[in-house]
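Below: one structure, written as structure tokens.
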Amino acid sequence: MADHSSPLREEPINGLKPLSNADGFSLPATGNDLERVEIPYTGGQPLEDADFEDDDDEEEEVEGEYVAVDHDDVNEYPYWFRRPPVHHRTKLDELHPFVQVLTESNVDDCVKVEQAFPEHERCSREKFLYRLSRCPELCLGLFTLPILGEDEPKPRPTLVGHVIATRTSSPVVTDKSMELPPKWQEERMTVENGEVVGHDEYGSTIAIHSLAVLPEHQGKQVGSTLMKSYIQRIKDAQIADRISIIAHGPLVPFYESFGFDNRGPSKCQFGGGGWEDLVCSL
Ligand SMILES: CC(C)(COP(=O)(O)OP(=O)(O)OC[C@H]1O[C@@H](n2cnc3c(N)ncnc32)[C@H](O)[C@@H]1OP(=O)(O)O)[C@@H](O)C(=O)NCCC(=O)NCCS
């Protein structure tokens, strides 16, 4: 049993008051208190059956296996150790989502998702084919799979949202970076007036050309989850200096919430213009 007369229980822990149903418990004040009792390694045997004879050799072997827990006091912390984390199910949870790099096999899925854009802003099927074959590592999808019954065959996952990008040497998205090189199937890189058309494999900016979510799944945090996951992956892979995107005014705060800076009006005339340049430095 814990010593209830201990002065520790009167003190708030890290300035926090104990919860009302945690009366009478106390947390150790220092790291040394945690080392009062060590639970020995039993090699999978129940504690009561384990042979705890003093054996120097054995002790040396299992030194790293000791757990710094005051075993006598474990029952004093039921609230802290056993309460499951609170998680309210969201609409996103209901999709059982997973993210995955896209490949050429996803072209038709992307064409479907792209219908989220007004027609004049949509990427063509051929552009998807070009981008997914040239730089699939820069294209990420969020998929959903229904929960399966026991003998049901695994269906094809549904693409719910995508991020499609290429590289550019410019710090912001340019019209040239959004274009489809006319001879992309024959030429590795196409240069016009000193500027690479489409994907510039030496560019250190990742230019996002499309972030879209199927209309029926918008407003469920799919877009923001996908965007966070995308940025994190690119950061972790250390493959670029920045991620750039163009967006219309109402979506600027959406991108700013992920760390993009608004660099003002974009020179891009794609889809009629009126875009803002946004840059996320990595
Ligand atoms: C923009 C888009 C990708 C957002 O995806 P989503 O899954 O619907 O967004 P989320 O559910 O993650 O929403 C995140 C936040 O962004 C805001 N937001 C989403 N779409 C918005 C829009 N069109 N205008 C302004 N704010 C928007 C939401 O208010 C939400 O904030 P909240 O969580 O505080 O309510 C999606 O609406 C879409 O595909 N739109 C059409 C294509 C498009 O415009 N793409 C962007 C090109 S720059």
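Naming scheme: A, B, ... for chains in displayed order of the structure tokens; residues 1 onward per chain; ligands 1 onward as shown.
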
Expected selection as a PyMOL selection string for ligand 1 within 6 Å, only C-alpha atoms and all ligand atoms: chain A and resi 116-117+210-213+218-224+246-247+250-251+254

Near range 231-244 of chain A, 12 Å: range 132-195 of chain A residue rows, closest pairs, only C-alpha atoms, as JSON lines:
```
{"residue": "A:Glu137", "atom": "CA", "partner": "A:Ile234", "partner_atom": "CA", "distance": 9.6}
{"residue": "A:Leu138", "atom": "CA", "partner": "A:Ile234", "partner_atom": "CA", "distance": 8.3}
{"residue": "A:Cys139", "atom": "CA", "partner": "A:Ile234", "partner_atom": "CA", "distance": 10.7}
{"residue": "A:Leu140", "atom": "CA", "partner": "A:Arg233", "partner_atom": "CA", "distance": 9.7}
{"residue": "A:Val163", "atom": "CA", "partner": "A:Ile231", "partner_atom": "CA", "distance": 10.5}
{"residue": "A:Ile164", "atom": "CA", "partner": "A:Ile243", "partner_atom": "CA", "distance": 11.8}
{"residue": "A:Ala165", "atom": "CA", "partner": "A:Ile243", "partner_atom": "CA", "distance": 9.3}
{"residue": "A:Thr166", "atom": "CA", "partner": "A:Ile243", "partner_atom": "CA", "distance": 10.1}
{"residue": "A:Arg167", "atom": "CA", "partner": "A:Ala240", "partner_atom": "CA", "distance": 8.8}
{"residue": "A:Thr168", "atom": "CA", "partner": "A:Ser244", "partner_atom": "CA", "distance": 9.5}
{"residue": "A:Ser169", "atom": "CA", "partner": "A:Asp241", "partner_atom": "CA", "distance": 10.5}
{"residue": "A:Ser170", "atom": "CA", "partner": "A:Ser244", "partner_atom": "CA", "distance": 9.5}
{"residue": "A:Pro171", "atom": "CA", "partner": "A:Ser244", "partner_atom": "CA", "distance": 7.2}
{"residue": "A:Val172", "atom": "CA", "partner": "A:Ser244", "partner_atom": "CA", "distance": 5.5}
{"residue": "A:Val173", "atom": "CA", "partner": "A:Ser244", "partner_atom": "CA", "distance": 6.1}
{"residue": "A:Thr174", "atom": "CA", "partner": "A:Ser244", "partner_atom": "CA", "distance": 9.9}
{"residue": "A:Ser177", "atom": "CA", "partner": "A:Ser244", "partner_atom": "CA", "distance": 11.4}
```

Just to be explicit: take each residue in the selection above, keep C-alpha atoms, and write the result as an mmCIF file, in the first residue's frame.
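Okay, this is what ended up in again_13.cif:
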```
data_model
loop_
_atom_site.group_PDB
_atom_site.id
_atom_site.type_symbol
_atom_site.label_atom_id
_atom_site.label_comp_id
_atom_site.auth_asym_id
_atom_site.auth_seq_id
_atom_site.Cartn_x
_atom_site.Cartn_y
_atom_site.Cartn_z
ATOM 1 C CA GLU A 137 6.668 9.689 -56.052
ATOM 2 C CA LEU A 138 5.263 13.235 -55.924
ATOM 3 C CA CYS A 139 1.635 12.125 -56.248
ATOM 4 C CA LEU A 140 -0.289 10.912 -53.211
ATOM 5 C CA VAL A 163 -2.328 15.544 -54.559
ATOM 6 C CA ILE A 164 -0.641 15.729 -57.959
ATOM 7 C CA ALA A 165 2.672 17.523 -58.412
ATOM 8 C CA THR A 166 5.766 17.912 -60.559
ATOM 9 C CA ARG A 167 9.126 19.568 -59.942
ATOM 10 C CA THR A 168 10.081 23.045 -61.104
ATOM 11 C CA SER A 169 13.224 25.183 -60.878
ATOM 12 C CA SER A 170 11.104 28.247 -60.129
ATOM 13 C CA PRO A 171 10.266 29.018 -56.488
ATOM 14 C CA VAL A 172 6.572 29.304 -57.402
ATOM 15 C CA VAL A 173 4.199 27.462 -59.723
ATOM 16 C CA THR A 174 4.496 28.664 -63.337
ATOM 17 C CA SER A 177 5.372 23.846 -65.145
#
```

Which residues are near range 178-184 of chain A? Cut-off 7 Å, only C-alpha atoms, ignore same chain within fewer than 4 positions. Put them as a list in words.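 Surrounding residues, per the criterion: Lys127, Thr174, Arg188, Thr190, Val197, Gly198 and His209 of chain A.
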
Take the residues just selected and output them with C-alpha atoms as a compact mmCIF listing (two decimals), in the first residue's frame.
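Output file result_38.txt follows:
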```
# COMPACT_ATOMS: atom_id res chain seq x y z
CA LYS A 127 -1.68 15.15 -68.13
CA THR A 174 4.50 28.66 -63.34
CA ARG A 188 12.87 13.07 -71.43
CA THR A 190 11.40 19.61 -73.14
CA VAL A 197 7.95 22.47 -69.89
CA GLY A 198 6.21 20.23 -67.38
CA HIS A 209 -1.02 21.21 -59.60
```

Could you work out how far CA of Gln115 in chain A lies from CA of Ile147 in chain A, giving the answer in Å with one decimal?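 So the answer is 26.2 Å.
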
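Take CA of Ser257 in chain A and CA of Thr225 in chain A: the distance between them is 11.9 Å.
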
Under the rule that only C-alpha atoms are counted, which of A:His248, A:Arg134, A:His96, A:Lys112 is the nearest residue to Leu148 in chain A? A:His96

Would you please give, as JSON, numbers by chain, all residues of range 62-204 of chain A that DSSP assigns to helix (DSSP H, G or I) based on the backbone? {"A": [63, 64, 65, 71, 72, 73, 74, 75, 76, 78, 79, 80, 81, 82, 91, 92, 93, 94, 104, 105, 106, 107, 108, 109, 110, 111, 112, 113, 114, 115, 116, 119, 120, 121, 125, 126, 127, 128, 129, 130, 131, 132, 133, 134, 136, 137, 138, 175, 176, 177, 178]}

Write down as a VMD selection string the residues of range 38-278 of chain A whose backbone DSSP state falls under strand (DSSP E). chain A and resid 98 to 101 140 to 144 158 to 168 190 to 192 195 to 197 205 to 213 242 to 247 261 to 265 276 to 278

Would you mind exporting C-alpha atoms of the selected residues as a compact mmCIF listing (two decimals), in the first residue's frame?
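Output file selection_5.txt is given in full below:
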```txt
# COMPACT_ATOMS: atom_id res chain seq x y z
CA PHE A 98 -5.13 5.20 -45.91
CA VAL A 99 -2.69 7.17 -48.03
CA GLN A 100 -0.56 5.73 -50.78
CA VAL A 101 1.64 6.95 -53.60
CA LEU A 140 -0.29 10.91 -53.21
CA GLY A 141 -3.81 9.53 -52.86
CA LEU A 142 -6.14 9.02 -49.90
CA PHE A 143 -8.18 5.86 -50.34
CA THR A 144 -11.11 4.22 -48.59
CA THR A 158 -11.72 3.98 -53.87
CA LEU A 159 -9.59 7.08 -54.40
CA VAL A 160 -11.20 9.83 -52.32
CA GLY A 161 -8.64 12.61 -52.74
CA HIS A 162 -5.36 13.27 -54.49
CA VAL A 163 -2.33 15.54 -54.56
CA ILE A 164 -0.64 15.73 -57.96
CA ALA A 165 2.67 17.52 -58.41
CA THR A 166 5.77 17.91 -60.56
CA ARG A 167 9.13 19.57 -59.94
CA THR A 168 10.08 23.05 -61.10
CA THR A 190 11.40 19.61 -73.14
CA VAL A 191 12.82 23.14 -72.97
CA GLU A 192 11.09 26.14 -74.56
CA GLU A 195 12.26 27.12 -69.48
CA VAL A 196 11.46 23.47 -68.88
CA VAL A 197 7.95 22.47 -69.89
CA THR A 205 10.47 23.13 -55.78
CA ILE A 206 7.58 20.72 -55.72
CA ALA A 207 4.74 22.37 -57.60
CA ILE A 208 1.32 21.03 -56.63
CA HIS A 209 -1.02 21.21 -59.60
CA SER A 210 -4.03 19.59 -58.05
CA LEU A 211 -5.45 18.99 -54.60
CA ALA A 212 -8.95 17.62 -54.95
CA VAL A 213 -11.46 15.56 -52.98
CA ARG A 242 9.85 23.97 -50.79
CA ILE A 243 6.33 23.05 -51.86
CA SER A 244 4.41 25.62 -53.92
CA ILE A 245 0.79 25.88 -54.99
CA ILE A 246 -1.55 28.43 -56.52
CA ALA A 247 -4.96 29.00 -54.98
CA ASP A 261 3.15 31.74 -46.97
CA ASN A 262 1.03 33.88 -49.22
CA ARG A 263 3.45 35.49 -51.72
CA GLY A 264 0.75 37.57 -53.43
CA PRO A 265 -0.81 37.40 -56.90
CA GLU A 276 -2.32 33.62 -55.29
CA ASP A 277 1.19 32.15 -54.96
CA LEU A 278 1.65 30.08 -51.83
```

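Reported to one decimal place, the separation of CA of Glu216 in chain A from CA of Lys154 in chain A is 22.6 Å.
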